[in-house]
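> TSV, C-alpha atoms, saved as my_file00.tsv, coming up:
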chain	number	residue	atom	x	y	z
A	18	MET	CA	112.14	88.15	150.46
A	19	GLN	CA	115.74	87.59	149.53
A	20	THR	CA	117.80	90.63	148.64
A	21	ASN	CA	121.14	90.84	146.94
A	22	THR	CA	123.48	92.60	149.30
A	23	THR	CA	126.61	92.19	147.17
A	24	GLN	CA	127.95	95.61	146.27
A	25	GLN	CA	128.78	96.13	142.57
A	26	PRO	CA	131.82	98.29	141.79
A	27	ALA	CA	130.89	101.70	140.38
A	28	GLY	CA	131.17	101.89	136.60
A	29	THR	CA	134.03	103.99	135.31
A	30	SER	CA	133.81	103.41	131.56
A	31	PHE	CA	131.51	102.38	128.72
A	32	VAL	CA	132.65	99.78	126.17
A	33	ALA	CA	130.79	99.34	122.89
A	34	VAL	CA	129.36	95.87	122.25
A	35	GLU	CA	130.93	94.06	119.29
A	36	GLY	CA	128.54	93.56	116.32
A	37	GLY	CA	125.33	94.30	118.21
A	38	GLY	CA	124.38	91.33	120.33
A	39	GLU	CA	121.81	93.12	122.47
A	40	THR	CA	118.81	90.93	123.14
A	41	ARG	CA	115.35	92.41	122.70
A	42	ASP	CA	111.87	91.24	123.55
A	43	GLY	CA	110.55	89.54	120.38
A	44	GLU	CA	106.91	89.88	121.42
A	45	LYS	CA	107.23	93.64	121.83
A	46	LEU	CA	108.91	93.93	118.42
A	47	LEU	CA	106.17	91.82	116.81
A	48	VAL	CA	103.39	93.91	118.34
A	49	THR	CA	105.22	97.12	117.33
A	50	ALA	CA	105.51	95.83	113.75
A	51	TYR	CA	101.76	95.08	113.63
A	52	ALA	CA	100.98	98.50	115.11
A	53	VAL	CA	103.24	100.22	112.57
A	54	ILE	CA	101.48	98.48	109.68
A	55	TRP	CA	98.03	99.59	110.83
A	56	VAL	CA	99.19	103.13	111.61
A	57	ILE	CA	100.75	103.53	108.13
A	58	LEU	CA	97.64	102.13	106.43
A	59	MET	CA	95.24	104.20	108.56
A	60	VAL	CA	97.17	107.43	107.93
A	61	TRP	CA	97.09	106.82	104.17
A	62	ILE	CA	93.40	105.84	104.15
A	63	ALA	CA	92.62	108.95	106.27
A	64	SER	CA	94.41	111.10	103.68
A	65	LEU	CA	92.26	109.49	100.95
A	66	TRP	CA	89.19	110.17	103.07
A	67	ARG	CA	90.14	113.85	103.28
A	68	LYS	CA	90.65	114.01	99.51
A	69	GLN	CA	87.22	112.47	99.01
A	70	ALA	CA	85.66	114.97	101.43
A	71	ARG	CA	87.22	117.82	99.41
A	72	LEU	CA	85.78	116.33	96.21
A	73	HIS	CA	82.33	116.25	97.82
A	74	GLU	CA	82.67	119.92	98.79
A	75	ARG	CA	83.50	120.79	95.18
A	76	ILE	CA	80.56	118.71	93.91
A	77	ASP	CA	78.26	120.55	96.36
A	78	GLY	CA	79.55	123.88	95.03
A	79	LEU	CA	78.96	122.80	91.44
A	80	GLU	CA	75.45	121.58	92.24
A	81	THR	CA	74.67	124.89	93.95
A	82	ALA	CA	75.86	126.79	90.87
A	83	ILE	CA	73.74	124.59	88.58
A	84	ASP	CA	70.65	125.03	90.82
A	85	ARG	CA	71.18	128.80	90.88
A	86	ALA	CA	71.56	128.94	87.08
A	87	SER	CA	68.45	126.85	86.48
A	88	GLN	CA	66.48	129.01	88.96
A	89	LYS	CA	67.60	132.13	87.07
A	90	GLY	CA	66.55	130.50	83.80
A	91	ALA	CA	63.15	129.60	85.22
A	92	ASP	CA	62.65	133.16	86.58
A	93	ALA	CA	63.61	134.67	83.20
A	94	SER	CA	61.16	132.45	81.31
A	95	ALA	CA	58.38	133.25	83.83
A	96	LYS	CA	58.92	137.01	83.34
A	97	GLY	CA	59.13	136.60	79.54
B	281	MET	CA	85.37	112.58	78.44
B	282	GLN	CA	85.73	110.23	81.42
B	283	ARG	CA	82.83	108.00	82.32
B	284	ALA	CA	81.48	107.22	85.77
B	285	PRO	CA	82.21	103.70	87.14
B	286	SER	CA	79.51	101.28	85.98
B	287	LYS	CA	77.36	99.31	88.42
B	288	THR	CA	79.21	96.10	87.49
B	289	GLU	CA	82.58	97.75	88.13
B	290	SER	CA	81.41	99.03	91.52
B	291	ALA	CA	79.99	95.60	92.40
B	292	ILE	CA	83.34	93.94	91.55
B	293	PHE	CA	85.18	96.57	93.60
B	294	HIS	CA	82.99	95.95	96.64
B	295	ALA	CA	83.26	92.18	96.21
B	296	LEU	CA	87.06	92.56	96.18
B	297	LEU	CA	86.83	94.72	99.32
B	298	VAL	CA	84.87	92.02	101.18
B	299	THR	CA	87.15	89.22	99.89
B	300	THR	CA	90.31	91.12	100.88
B	301	SER	CA	88.96	91.82	104.38
B	302	ALA	CA	88.18	88.11	104.84
B	303	LEU	CA	91.61	87.11	103.52
B	304	ILE	CA	93.44	89.51	105.85
B	305	LEU	CA	91.48	88.32	108.88
B	306	THR	CA	92.25	84.70	107.94
B	307	CYS	CA	95.89	85.64	107.43
B	308	ILE	CA	96.06	87.14	110.94
B	309	PHE	CA	94.47	83.96	112.30
B	310	LEU	CA	97.03	81.77	110.50
B	311	ILE	CA	99.97	83.89	111.69
B	312	SER	CA	98.83	83.92	115.31
B	313	GLN	CA	97.37	80.42	115.63
B	314	LYS	CA	98.80	78.08	112.99
B	315	ALA	CA	102.30	79.21	112.03
B	316	PRO	CA	104.80	77.71	114.52
B	317	ILE	CA	107.32	79.74	116.49
B	318	GLU	CA	110.73	79.61	114.83
B	319	ARG	CA	113.43	77.76	116.76
B	320	THR	CA	116.26	80.32	116.86
B	321	MET	CA	114.52	83.70	116.42
B	322	GLY	CA	111.37	82.96	118.38
B	323	VAL	CA	108.05	84.74	117.96
B	324	VAL	CA	109.58	87.78	116.21
B	325	GLN	CA	110.05	85.63	113.07
B	326	LYS	CA	106.28	85.96	112.55
B	327	ILE	CA	107.00	89.45	111.19
B	328	PHE	CA	108.15	87.51	108.12
B	329	TYR	CA	104.52	86.64	107.17
B	330	PHE	CA	103.60	90.26	106.50
B	331	HIS	CA	107.05	91.74	105.84
B	332	VAL	CA	107.59	89.63	102.69
B	333	PRO	CA	104.01	89.98	101.33
B	334	SER	CA	104.32	93.77	101.93
B	335	ALA	CA	107.46	93.80	99.78
B	336	TYR	CA	105.43	91.93	97.18
B	337	GLY	CA	102.67	94.56	97.51
B	338	MET	CA	105.31	97.23	96.89
B	339	TYR	CA	106.34	95.44	93.69
B	340	ILE	CA	102.68	95.33	92.55
B	341	GLY	CA	102.32	99.08	93.18
B	342	ALA	CA	105.60	99.79	91.40
B	343	ALA	CA	104.56	97.59	88.45
B	344	ALA	CA	101.25	99.50	88.19
B	345	CYS	CA	103.18	102.78	88.26
B	346	PHE	CA	105.51	101.51	85.52
B	347	VAL	CA	102.66	100.26	83.30
B	348	GLY	CA	100.67	103.48	83.80
B	349	SER	CA	103.74	105.64	83.11
B	350	VAL	CA	104.74	103.79	79.92
B	351	ALA	CA	101.13	103.84	78.69
B	352	TYR	CA	100.87	107.57	79.48
B	353	MET	CA	104.05	108.28	77.52
B	354	LEU	CA	102.58	106.44	74.52
B	355	LYS	CA	99.14	108.06	74.73
B	356	PRO	CA	98.35	110.57	77.52
B	357	THR	CA	94.98	109.88	79.15
B	358	ASP	CA	93.61	110.56	82.63
B	359	THR	CA	93.11	106.83	83.28
B	360	ARG	CA	96.75	105.99	82.56
B	361	ASP	CA	97.98	108.87	84.69
B	362	ALA	CA	95.67	107.79	87.51
B	363	LEU	CA	97.06	104.23	87.35
B	364	ALA	CA	100.65	105.49	87.56
B	365	ARG	CA	99.87	107.81	90.47
B	366	ALA	CA	97.88	105.18	92.38
B	367	GLY	CA	100.63	102.60	91.85
B	368	ALA	CA	103.34	104.95	93.13
B	369	GLU	CA	101.38	105.79	96.29
B	370	VAL	CA	100.69	102.12	97.01
B	371	ALA	CA	104.40	101.40	96.48
B	372	VAL	CA	105.22	104.09	99.07
B	373	VAL	CA	102.72	102.70	101.59
B	374	PHE	CA	103.90	99.08	101.29
B	375	GLY	CA	107.52	100.22	101.04
B	376	ALA	CA	107.14	102.11	104.32
B	377	ILE	CA	105.74	98.95	105.91
B	378	VAL	CA	108.70	96.90	104.62
B	379	LEU	CA	111.24	99.46	105.83
B	380	THR	CA	109.78	99.59	109.33
B	381	THR	CA	108.90	95.94	109.94
B	382	GLY	CA	112.27	94.76	108.54
B	383	PRO	CA	114.41	96.69	111.04
B	384	LEU	CA	112.12	95.61	113.92
B	385	TRP	CA	112.74	92.00	112.96
B	386	ALA	CA	116.45	92.66	112.42
B	387	ALA	CA	116.75	94.16	115.90
B	388	LYS	CA	116.12	90.71	117.31
B	389	ALA	CA	117.61	88.55	114.55
B	390	TRP	CA	120.80	90.52	113.89
B	391	GLY	CA	121.10	92.61	117.03
B	392	PHE	CA	120.81	95.95	115.23
B	393	TYR	CA	118.07	97.75	113.33
B	394	TRP	CA	119.86	98.67	110.15
B	395	THR	CA	122.89	97.75	108.11
B	396	TRP	CA	123.90	98.87	104.63
B	397	ASP	CA	123.19	95.46	103.19
B	398	PRO	CA	122.59	95.42	99.37
B	399	ARG	CA	118.93	94.43	99.61
B	400	LEU	CA	118.14	96.91	102.39
B	401	THR	CA	119.94	99.73	100.61
B	402	THR	CA	118.32	99.09	97.21
B	403	SER	CA	114.90	98.71	98.84
B	404	MET	CA	115.29	102.05	100.61
B	405	LEU	CA	116.46	103.67	97.38
B	406	SER	CA	113.41	102.34	95.58
B	407	VAL	CA	110.99	103.60	98.24
B	408	MET	CA	112.69	107.02	98.14
B	409	MET	CA	112.14	107.16	94.37
B	410	TYR	CA	108.42	106.52	94.79
B	411	VAL	CA	108.29	109.07	97.61
B	412	ALA	CA	109.88	111.54	95.17
B	413	TYR	CA	107.18	110.65	92.63
B	414	ALA	CA	104.39	111.18	95.18
B	415	VAL	CA	105.88	114.49	96.37
B	416	LEU	CA	106.27	115.68	92.78
B	417	ARG	CA	102.61	114.90	92.05
B	418	ALA	CA	101.42	116.50	95.27
B	419	PHE	CA	103.29	119.79	94.90
B	420	SER	CA	103.53	120.32	91.13
B	421	GLY	CA	100.77	121.24	88.72
B	422	ASP	CA	98.63	118.81	86.78
B	423	SER	CA	99.49	119.74	83.20
B	424	VAL	CA	100.59	117.22	80.55
B	425	GLY	CA	104.25	118.33	80.89
B	426	GLU	CA	104.34	117.69	84.62
B	427	ARG	CA	102.54	114.40	84.23
B	428	LYS	CA	105.08	113.29	81.61
B	429	PHE	CA	107.95	114.30	83.86
B	430	ALA	CA	106.42	112.17	86.62
B	431	ALA	CA	105.86	109.30	84.15
B	432	ALA	CA	109.57	109.38	83.27
B	433	LEU	CA	110.38	109.14	86.98
B	434	GLY	CA	107.92	106.23	87.30
B	435	ILE	CA	109.72	104.39	84.49
B	436	ILE	CA	113.21	105.05	85.87
B	437	ALA	CA	112.16	103.95	89.39
B	438	ALA	CA	111.06	100.55	88.03
B	439	PHE	CA	114.59	99.71	86.88
B	440	ASN	CA	115.66	99.38	90.52
B	441	LEU	CA	113.15	96.58	91.23
B	442	PRO	CA	115.09	93.70	89.61
B	443	ILE	CA	118.22	94.99	91.37
B	444	ILE	CA	116.44	94.61	94.75
B	445	HIS	CA	115.41	91.09	93.85
B	446	TYR	CA	118.79	89.87	92.65
B	447	SER	CA	120.95	91.94	95.03
B	448	VAL	CA	121.18	89.11	97.58
B	449	GLN	CA	122.31	86.62	94.95
B	450	LYS	CA	124.79	88.98	93.28
B	451	TRP	CA	126.34	90.73	96.28
B	452	SER	CA	125.34	88.39	99.15
B	453	GLY	CA	124.83	90.47	102.31
B	454	GLN	CA	122.99	89.65	105.54
B	455	HIS	CA	119.43	89.56	104.26
B	456	PRO	CA	118.11	85.97	104.34
B	457	THR	CA	116.98	84.18	101.16
B	458	VAL	CA	114.52	81.70	102.52
B	459	ILE	CA	112.40	81.72	99.39
B	460	GLY	CA	114.26	80.36	96.39
B	461	ALA	CA	116.17	77.33	95.21
B	462	LYS	CA	119.31	78.09	97.25
B	463	GLY	CA	117.52	79.37	100.33
B	464	GLY	CA	117.08	77.52	103.60
B	465	GLY	CA	113.40	76.99	102.94
B	466	LEU	CA	110.43	76.91	105.25
B	467	LYS	CA	110.69	73.78	107.33
B	468	ASP	CA	107.06	73.50	108.41
B	469	VAL	CA	103.99	73.05	106.25
B	470	TRP	CA	102.10	75.79	108.17
B	471	MET	CA	104.96	78.22	107.59
B	472	THR	CA	104.59	77.66	103.83
B	473	ARG	CA	100.79	77.80	103.89
B	474	THR	CA	100.74	80.98	105.99
B	475	LEU	CA	103.24	82.69	103.69
B	476	LEU	CA	101.32	81.68	100.55
B	477	PHE	CA	98.10	82.92	102.13
B	478	GLY	CA	99.88	86.16	103.03
B	479	PHE	CA	100.90	86.58	99.39
B	480	LEU	CA	97.30	86.01	98.27
B	481	ALA	CA	95.88	88.43	100.87
B	482	PHE	CA	98.41	91.19	100.15
B	483	THR	CA	98.02	90.77	96.38
B	484	CYS	CA	94.28	91.40	96.72
B	485	PHE	CA	94.99	94.22	99.19
B	486	ALA	CA	97.45	95.95	96.86
B	487	ILE	CA	95.07	95.63	93.89
B	488	LEU	CA	92.22	96.96	96.02
B	489	LEU	CA	94.24	99.98	97.19
B	490	ILE	CA	95.46	100.76	93.66
B	491	TRP	CA	91.94	100.48	92.31
B	492	GLY	CA	90.44	102.57	95.12
B	493	ARG	CA	93.07	105.31	94.75
B	494	MET	CA	92.59	105.22	90.97
B	495	ARG	CA	88.81	105.65	91.31
B	496	LEU	CA	89.37	108.68	93.53
B	497	GLU	CA	91.82	110.19	91.06
B	498	MET	CA	89.44	109.56	88.15
B	499	ALA	CA	86.61	111.22	90.08
B	500	ARG	CA	88.88	114.24	90.68
B	501	HIS	CA	89.65	114.48	86.95
B	502	ARG	CA	85.96	114.24	86.04
B	503	LEU	CA	85.05	116.93	88.54
B	504	ALA	CA	87.81	119.23	87.30
B	505	ARG	CA	86.47	118.85	83.73
B	506	ALA	CA	82.89	119.49	84.91
B	507	GLU	CA	84.03	122.65	86.76
B	508	GLU	CA	85.79	123.91	83.62
B	509	ASP	CA	82.64	123.24	81.57
B	510	ALA	CA	80.51	125.01	84.18
B	511	LEU	CA	82.79	128.07	84.08
B	512	ASP	CA	82.61	128.07	80.25
B	513	LEU	CA	78.81	128.11	80.52
B	514	GLY	CA	78.98	131.06	82.91
B	515	LEU	CA	78.18	129.08	86.05
B	516	ASP	CA	80.23	130.06	89.07
B	517	ASP	CA	79.67	128.51	92.47
B	518	ARG	CA	81.43	131.49	94.10
B	519	GLU	CA	78.70	133.83	92.89
B	520	SER	CA	77.02	135.66	95.76
B	521	VAL	CA	73.34	135.03	96.37
How does the structure come out when it is put into structure tokens?


Amino acid sequence: MQTNTTQQPAGTSFVAVEGGGETRDGEKLLVTAYAVIWVILMVWIASLWRKQARLHERIDGLETAIDRASQKGADASAKG
Amino acid sequence: MQRAPSKTESAIFHALLVTTSALILTCIFLISQKAPIERTMGVVQKIFYFHVPSAYGMYIGAAACFVGSVAYMLKPTDTRDALARAGAEVAVVFGAIVLTTGPLWAAKAWGFYWTWDPRLTTSMLSVMMYVAYAVLRAFSGDSVGERKFAAALGIIAAFNLPIIHYSVQKWSGQHPTVIGAKGGGLKDVWMTRTLLFGFLAFTCFAILLIWGRMRLEMARHRLARAEEDALDLGLDDRESV
């Protein structure tokens, strides 16, 4: 295996690149963009799911109240 | 009194759900398999095929919010309020996608994630307005006054949309204008087909999300009314057994 034995001088300063110019891996950026889309959509759909679950809880509560009221009504008519 | 969705309405909704799923899967296939790699930018240019349709989805959401808000101002009903609210949330979701996929593409194409280009700045402003709408609806009450305040915000937010569209033509900037008479154009037939398919898929997707969110909001309104009626009749689900 060939190794690079040339010694690089130690860095003594940082110079800002003019107008960007840094190259990035396009594939990684593409995959990240796809992932971001699905994460955003999934988070929103999960929040809708939670809202729907809360609605179901409230419907259950209402149904329980209606059942209880009709049971009371039936008991009252049986006694009467 | 609000009515429950009819069987026909539910059938159409589910048909749209299936159609949209098929369109999105086909769109992914076209992007990955058919659309060619762009000569100068490389594979990252494929972000274009969902970045632009997402911006279009944001416009659809914003238009729904505008229509719902104007209609609510003219005659306040739960349906109109639900349309405005659903539209604003969809605008936020697609706007967030645009504002994250755009900079990822720019990182490769321009060498930096963000610049205060007219189109980028006006797009961000627009998304922030819809975020403000969504936050207002989430943390304020649900009375007519608050709904009207939100409707006014929904109307004002829509005025920024034409500015986003024409910002590149009026003030130039770095954002490309590939679509349009003066733009560079798409130089491959599969680029055009994939983009058009993306528009179709994301149009159906935006309509589906608006409709789904609206159905949920309508169900919440109906339940709230039913709970009020139950309390008026002396029914209380908190009553101990």

> From the set B:Lys388, B:Arg505, B:His331, B:Arg365, which residue has the shortest atom-to-atom contact distance to Phe346 in chain B, counting all atoms listed in the file?

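That would be B:Arg365, the residue with the smallest distance to Phe346 in chain B.
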
> I want to know what sits within 12 Å of Glu80 in chain A, based on only C-alpha atoms, with residues of the same chain fewer than 3 positions away left out; could you give that as an MDAnalysis selection string?

(chainID A and resid 73:77 83:87) or (chainID B and resid 503 506:507 510 515:518)

> So which residues are close to (101.1, 100.0, 80.8), meaning at most 12 Å away in the file's coordinates with only C-alpha atoms counted, and can you show them as a PDB file with C-alpha atoms, in the frame of the given file?


ATOM      1  CA  ALA B 342     105.600  99.790  91.400  1.00  0.00           C
ATOM      2  CA  ALA B 343     104.560  97.590  88.450  1.00  0.00           C
ATOM      3  CA  ALA B 344     101.250  99.500  88.190  1.00  0.00           C
ATOM      4  CA  CYS B 345     103.180 102.780  88.260  1.00  0.00           C
ATOM      5  CA  PHE B 346     105.510 101.510  85.520  1.00  0.00           C
ATOM      6  CA  VAL B 347     102.660 100.260  83.300  1.00  0.00           C
ATOM      7  CA  GLY B 348     100.670 103.480  83.800  1.00  0.00           C
ATOM      8  CA  SER B 349     103.740 105.640  83.110  1.00  0.00           C
ATOM      9  CA  VAL B 350     104.740 103.790  79.920  1.00  0.00           C
ATOM     10  CA  ALA B 351     101.130 103.840  78.690  1.00  0.00           C
ATOM     11  CA  TYR B 352     100.870 107.570  79.480  1.00  0.00           C
ATOM     12  CA  MET B 353     104.050 108.280  77.520  1.00  0.00           C
ATOM     13  CA  LEU B 354     102.580 106.440  74.520  1.00  0.00           C
ATOM     14  CA  LYS B 355      99.140 108.060  74.730  1.00  0.00           C
ATOM     15  CA  PRO B 356      98.350 110.570  77.520  1.00  0.00           C
ATOM     16  CA  THR B 357      94.980 109.880  79.150  1.00  0.00           C
ATOM     17  CA  THR B 359      93.110 106.830  83.280  1.00  0.00           C
ATOM     18  CA  ARG B 360      96.750 105.990  82.560  1.00  0.00           C
ATOM     19  CA  ASP B 361      97.980 108.870  84.690  1.00  0.00           C
ATOM     20  CA  ALA B 362      95.670 107.790  87.510  1.00  0.00           C
ATOM     21  CA  LEU B 363      97.060 104.230  87.350  1.00  0.00           C
ATOM     22  CA  ALA B 364     100.650 105.490  87.560  1.00  0.00           C
ATOM     23  CA  GLY B 367     100.630 102.600  91.850  1.00  0.00           C
ATOM     24  CA  ALA B 431     105.860 109.300  84.150  1.00  0.00           C
ATOM     25  CA  GLY B 434     107.920 106.230  87.300  1.00  0.00           C
ATOM     26  CA  ILE B 435     109.720 104.390  84.490  1.00  0.00           C
TER      27      ILE B 435
END

> Could you work out which residues of chain A fall inside 12 Å of chain B? Count only C-alpha atoms, and format the result as a ChimeraX atom specification.

/A:34-62,64-90

> At what distance in Å, to one decimal, does CA of Glu318 in chain B lie from CA of Ala371 in chain B?

29.2 Å

> Taking (101.8, 78.2, 114.3) in the file's coordinates, which residues come within 7 Å, counting all atoms listed in the file, written as a list in words?

Ile311, Ser312, Gln313, Lys314, Ala315, Pro316, Ile317 and Trp470 of chain B

> With C-alpha atoms retained, export the selected residues as a CSV table (one decimal), in the frame of the given file.


chain,number,residue,atom,x,y,z
B,311,ILE,CA,100.0,83.9,111.7
B,312,SER,CA,98.8,83.9,115.3
B,313,GLN,CA,97.4,80.4,115.6
B,314,LYS,CA,98.8,78.1,113.0
B,315,ALA,CA,102.3,79.2,112.0
B,316,PRO,CA,104.8,77.7,114.5
B,317,ILE,CA,107.3,79.7,116.5
B,470,TRP,CA,102.1,75.8,108.2

> Just the number, please: distance in Å from CA of Leu297 in chain B to CA of Val407 in chain B, one decimal.

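Atom-to-atom, CA of Leu297 in chain B and CA of Val407 in chain B are spaced 25.8 Å apart.
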
> Figure out the distance between CA of Ala63 in chain A and CA of Tyr336 in chain B, please, to one decimal in Å.

23.2 Å

> Quick one: of B:Met494, B:Val415, B:Leu488, B:Leu480, who's nearest to Ile304 in chain B, counting all atoms listed in the file?

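Selected residue with least distance to Ile304 in chain B: B:Leu480.
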
> Measuring between all atoms listed in the file, which one of B:Leu476, B:Leu441, B:Ala481, B:Ala430 shows the shortest distance to Val298 in chain B?

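Of all the options, B:Ala481 lies closest to Val298 in chain B.
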
> In terms of the shortest atom-to-atom distance over only C-alpha atoms, which of B:Ser406, B:Thr299, B:Thr401, B:Thr472 is closest to Ser447 in chain B?

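The answer is B:Thr401, which sits nearest to Ser447 in chain B.
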